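All remarks here apply to the structure that follows.
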Amino acid sequence: MKTFGKTLLALSLAGALTGVVQADEKVLHVYNWSDYIAEDTLANFEKETGIKVVYDVFDSNETLEAKLLAGSSGYDIVVPSNPFLAKQIKAGVFQKLDKSKLPNWSNLDKSLLKALDPSDPGNQYSIPYMWGTIGIGYNVDKVKAALGDNAPVNSWDLVFKPENIAKLKSCGVSFLDSPTEILPAALNYLGFKPDSTNADELKKAEELFLSIRSSTAYFHSSKYISDLANGDICVAIGYSGDLYQSKSRAEEAKNGVNISYSIPKEGAGSFFDMMAIPADAKNVEAAHVFLNYLMKPEVMANITNFVQFPNGNAAATPLVDEALRNDPGIYPDAATMAKIYTFPDLPANAQRAMTRSWTKIKSGR
Amino acid sequence: MNISRSLSRRMPSGRHLVIGVPFVWLFLFFLLPFIIVLKISFAEADVAIPPYTEVYTWAENKLSIVLNLGNYIFLSEDSLYLAAYLGSLKMAFVSTLLCLLIGYPMAYAIARADKDIQTVLLLLIMMPTWTAILIRVYAWMGILSNNGLLNSLLQSIGLIDAPLQILNTNVAVYIGVVYSYLPFMILPLYANLVKHDQSLLEAAADLGSSNFNSFWKITVPLSKNGIIAGCMLVFIPVVGEFVIPELLGGPETLMIGKVLWQEFFNNRDWPVASALAVVMLAILIVPIILFNRNQAKEMEGRA
């Protein structure tokens with residue numbers, strides 16, 4: 001019995017040792033947005049492939065970009081939004097995908113891939129993960145109380161008409177703190193192209209914001225999720241998925257706050273979060289296995305059900321919860337889709353002009 | 001015998017090694033990073049890894065150095081940068097003054113307390129710094145927010161009807177900065193005050209000087225070095241502070257740390273961000289030199 005025990009110990013030690021060696025080869029470093037994956041996705045992936053995932057999260061494109069541009073980020077998969085991806089591709093941050101290792105590529109939405117062509121010409125470097133719109137999240141009862149039954153909740157008039165937002169001031173209106181994602185909404189509302197880099201048009205958008213500045217509670221890119229759910233603010237211009245999260249939180253808390261999301265009829269900006277492999281990734285093989293796994297319809301549908309963002313996987317749509325699939329705020333109808341615009345990869349001087357304009361809007365200087 | 005003596009004279013002695021360590025430290029962790037930042041400040045932004053051009057190139061036996069002064073000229077063209085520097089300096093100046101006004105009586109009280117109690121009091125000053133600054137600043141957000149502890153307290157005792165807007169204003173930043181940096185004011189002041197010779201005050205009292213007069217004419221002048229050391233330790237880091245204004249401040253809070261962040265992250269312009277940092281260092285070097293000179297004087301005084 002004793003010898004048996006010793007043999008077992010020796011065997012398990014040997015097993016542990018080879019395990020260590022294997023672990024080194026089979027560790028995949030993923031850097032994704034916070035709260036952006038289903039609870040069981042990684043565990044299921046590890047079980048199916050034996051690849052261990054080290055999963056880190058970030059909360060802004062800027063954080064990710066600074067790491068990528070400094071070089072040797074240490075990650076095998078990263079998830080920038082499409083305008084950032086475009087710039088990073090030009091800077092030589094990523095390697096081309098080996099599509100022979102991605103048989104599930106055929107599940108992706110063809111029209112979406114085409115729409116992403118300007119960011120990633122020929123879809124050579126990235127796959128679309130989740131996407132979403134930037135629209136209006138609102139507290140149904142408070143907005144009705146302030147503006148009556150005919151409150152323009154499906155239009156930018158709600159926040160861009162000074163007389164409307166003035167009535168909402170007492171219950172609180174917030175905007176994302178992101179010049180390149182919010183200024184295009186004003187440009188589009190004023191009848192200009194949302195990707196305009198024309199200085200005069202930008203000036204008009206700035207003036208529009210200055211006219212409603214005093215009625216705005218704050219500019220922030222995450223605080224509104226809990227504030228809207230608690231009833232601290234009544235209108236938030238934010239990311240669709242975050243606003244749906246806010247709605248779910250209010251429902252869970254049973255605090256009587258009823259939140260709704262709408263994509264304004266004038267059109268809204270959309271962002272696509274793209275998965276790509278850095279040029280200096282150490283585990284390119286496993287990265288492809290991971291991407292291919294995520295392109296399975298049932299895996300993608302499961303993630304959408306959890307995070308409430310639509311995905312770029314056409315084959316997954318029938319598997320998504322019916323309530324989400326039929327919600328025009330999450331899966332917009334064709335007419336709305338036609339009005340949705342993407343954010344461009346801005347030239348450096350246009351980017352600077354927008355940042356400067358935003359500082360002026362926020363601080364008055 | 002002679003040979004070994006001359007050899008030992010030439011070999012680096014233990015003394016030189018000990019003196020050398022701080023210099024190596026300064027070179028590695030101050031001068032070298034500064035040179036790198038200085039170099040980037042003369043480059044141009046580029047779409048590449050890293051996102052700026054090389055300042056010098058070596059090709060065909062020719063070393064060419066291209067210094068781009070545009071970043072510095074750019075800083076002078078937009079009044080935003082001057083406003084941000086002034087905003088930071090004002091924030092640092094007012095916070096330092098508040099720290100001094102609050103810290104001096106505290107340091108004085110500790111220095112005059114019983115020896116046993118002194119240790120406990122000092123520990124109480126230092127203990128909060130054992131928790132990460134980020135967590136303490138987040139705690140302030142909980143205290144100062146509209147439905148936070150402070151507003152609930154004031155409302156429940158009927159002092160105010162509507163919540164005071166403190167969070168996301170400059171007032172909140174001052175509270176956070178003064179709270180965070182107060183120990184750096186108290187400790188050097190205490191170290192100075194505890195050494196004062198009590199017989200001077202007794203002599204003054206014997207000669208009919210009032211308590212306040214003795215304090216103002218004896219204690220304060222004697223503690224000058226402690227005041228300067230404390231003020232430097234607060235002023236210099238507050239000028240470059242980013243975390244506290246970012247979390248507690250609002251849109252009106254304009255400080256150089258935030259502007260630098262925007263240049264680096266929003267505009268992807270590492271060279272302009274570096275130029276901002278170099279100018280900030282140049283502004284700070286004046287108080288640092290004053291501080292060093294003061295310390296040198298204090299050392300001389302002791303010797």
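If you're wondering about the labels, chains in the structure tokens are A, B, ... by order shown, residues count from 1 in each chain, ligands from 1 in order shown.
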
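Backbone DSSP assigns strand (DSSP E or B) in segment 66-114 of chain A to Ile77, Val78, Ser81, Phe94 and Leu108 of chain A.
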
Please list as a PDB file with N, CA, C and O atoms, in the first residue's frame every residue within 12 Å of Ala282 of chain B, counting only C-alpha atoms and excluding residues in the same chain fewer than 5 positions away.
ATOM      1  N   PHE B  34      13.831  61.868 -16.996  1.00  0.00           N
ATOM      2  CA  PHE B  34      13.642  63.243 -17.449  1.00  0.00           C
ATOM      3  C   PHE B  34      14.224  63.436 -18.841  1.00  0.00           C
ATOM      4  O   PHE B  34      13.622  64.078 -19.703  1.00  0.00           O
ATOM      5  N   LEU B  38      12.294  64.688 -22.037  1.00  0.00           N
ATOM      6  CA  LEU B  38      12.811  65.851 -22.765  1.00  0.00           C
ATOM      7  C   LEU B  38      12.983  65.514 -24.241  1.00  0.00           C
ATOM      8  O   LEU B  38      12.626  66.292 -25.125  1.00  0.00           O
ATOM      9  N   TYR B  85      -1.804  75.792 -15.890  1.00  0.00           N
ATOM     10  CA  TYR B  85      -0.660  75.934 -14.977  1.00  0.00           C
ATOM     11  C   TYR B  85      -1.049  76.814 -13.789  1.00  0.00           C
ATOM     12  O   TYR B  85      -0.766  76.487 -12.639  1.00  0.00           O
ATOM     13  N   ILE B 236       4.743  70.888  -3.829  1.00  0.00           N
ATOM     14  CA  ILE B 236       5.294  70.294  -5.052  1.00  0.00           C
ATOM     15  C   ILE B 236       4.428  69.155  -5.595  1.00  0.00           C
ATOM     16  O   ILE B 236       4.051  69.175  -6.763  1.00  0.00           O
ATOM     17  N   ALA B 275       6.159  67.980 -23.512  1.00  0.00           N
ATOM     18  CA  ALA B 275       6.529  69.393 -23.389  1.00  0.00           C
ATOM     19  C   ALA B 275       5.824  70.009 -22.177  1.00  0.00           C
ATOM     20  O   ALA B 275       6.426  70.769 -21.420  1.00  0.00           O
ATOM     21  N   LEU B 276       4.545  69.663 -21.985  1.00  0.00           N
ATOM     22  CA  LEU B 276       3.807  70.145 -20.812  1.00  0.00           C
ATOM     23  C   LEU B 276       4.499  69.711 -19.525  1.00  0.00           C
ATOM     24  O   LEU B 276       4.629  70.485 -18.579  1.00  0.00           O
ATOM     25  N   ALA B 277       4.953  68.455 -19.494  1.00  0.00           N
ATOM     26  CA  ALA B 277       5.597  67.923 -18.297  1.00  0.00           C
ATOM     27  C   ALA B 277       6.926  68.628 -18.039  1.00  0.00           C
ATOM     28  O   ALA B 277       7.262  68.929 -16.890  1.00  0.00           O
ATOM     29  N   PRO B 287      10.902  75.989  -6.493  1.00  0.00           N
ATOM     30  CA  PRO B 287      10.723  75.622  -5.072  1.00  0.00           C
ATOM     31  C   PRO B 287      11.621  74.465  -4.632  1.00  0.00           C
ATOM     32  O   PRO B 287      12.049  74.440  -3.475  1.00  0.00           O
ATOM     33  N   ILE B 288      11.941  73.533  -5.549  1.00  0.00           N
ATOM     34  CA  ILE B 288      12.804  72.411  -5.150  1.00  0.00           C
ATOM     35  C   ILE B 288      14.198  72.929  -4.788  1.00  0.00           C
ATOM     36  O   ILE B 288      14.791  72.527  -3.785  1.00  0.00           O
ATOM     37  N   ILE B 289      14.701  73.882  -5.596  1.00  0.00           N
ATOM     38  CA  ILE B 289      16.028  74.436  -5.308  1.00  0.00           C
ATOM     39  C   ILE B 289      16.001  75.176  -3.968  1.00  0.00           C
ATOM     40  O   ILE B 289      16.892  75.031  -3.133  1.00  0.00           O
TER      41      ILE B 289
END

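Counting only C-alpha atoms, Leu150 of chain B has the following residues at most 12 Å away, ignoring those fewer than 2 positions along the same chain: Ala139, Trp140, Met141, Gly142, Ile143, Leu144, Ser145, Asn146, Asn147, Gly148, Ser152, Leu153, Leu154, Gln155, Ser156, Ile157, Leu159, Ile160, Pro163, Leu164, Gln165, Ile166 and Leu167 of chain B.
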
Between chain A and chain B, at 6 Å or less, what are the per-residue closest atom pairs and their distances in Å? Count only C-alpha atoms, order by chain and rising residue number, and return it as a tab-separated table.
residue	atom	partner	partner_atom	distance
A:Glu62	CA	B:Phe265	CA	5.3
A:Leu69	CA	B:Ile49	CA	5.0
A:Ala70	CA	B:Pro50	CA	5.4
A:Ala91	CA	B:Ala48	CA	4.0
A:Arg352	CA	B:Asn267	CA	5.6
A:Lys362	CA	B:Pro251	CA	5.4
A:Ser363	CA	B:Glu252	CA	4.9

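Omitting Gly74 of chain A and its sequence neighbours fewer than 5 positions away, and counting only C-alpha atoms, the residues within 12 Å are Val27, Leu28, His29, Val30, Tyr31, Val54, Tyr55, Asp56, Leu64, Lys67, Leu68, Ile277, Pro278, Ala279, Asp280, Ala281, Lys282, Asn283 and Val284 of chain A.
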
> If you count only C-alpha atoms, which residues fall within 12 Å of Ala350 of chain A, apart from same-chain ones fewer than 2 positions away, as a PyMOL selection string?
Replying inline: (chain A and resi 179-180+183+195-199+201-202+344-348+352-357) or (chain B and resi 266-267)

>> Rounded to one decimal, what separation in Å do you get between atom CA of Leu190 of chain A and atom CA of Phe209 of chain A?
In response: 11.5 Å
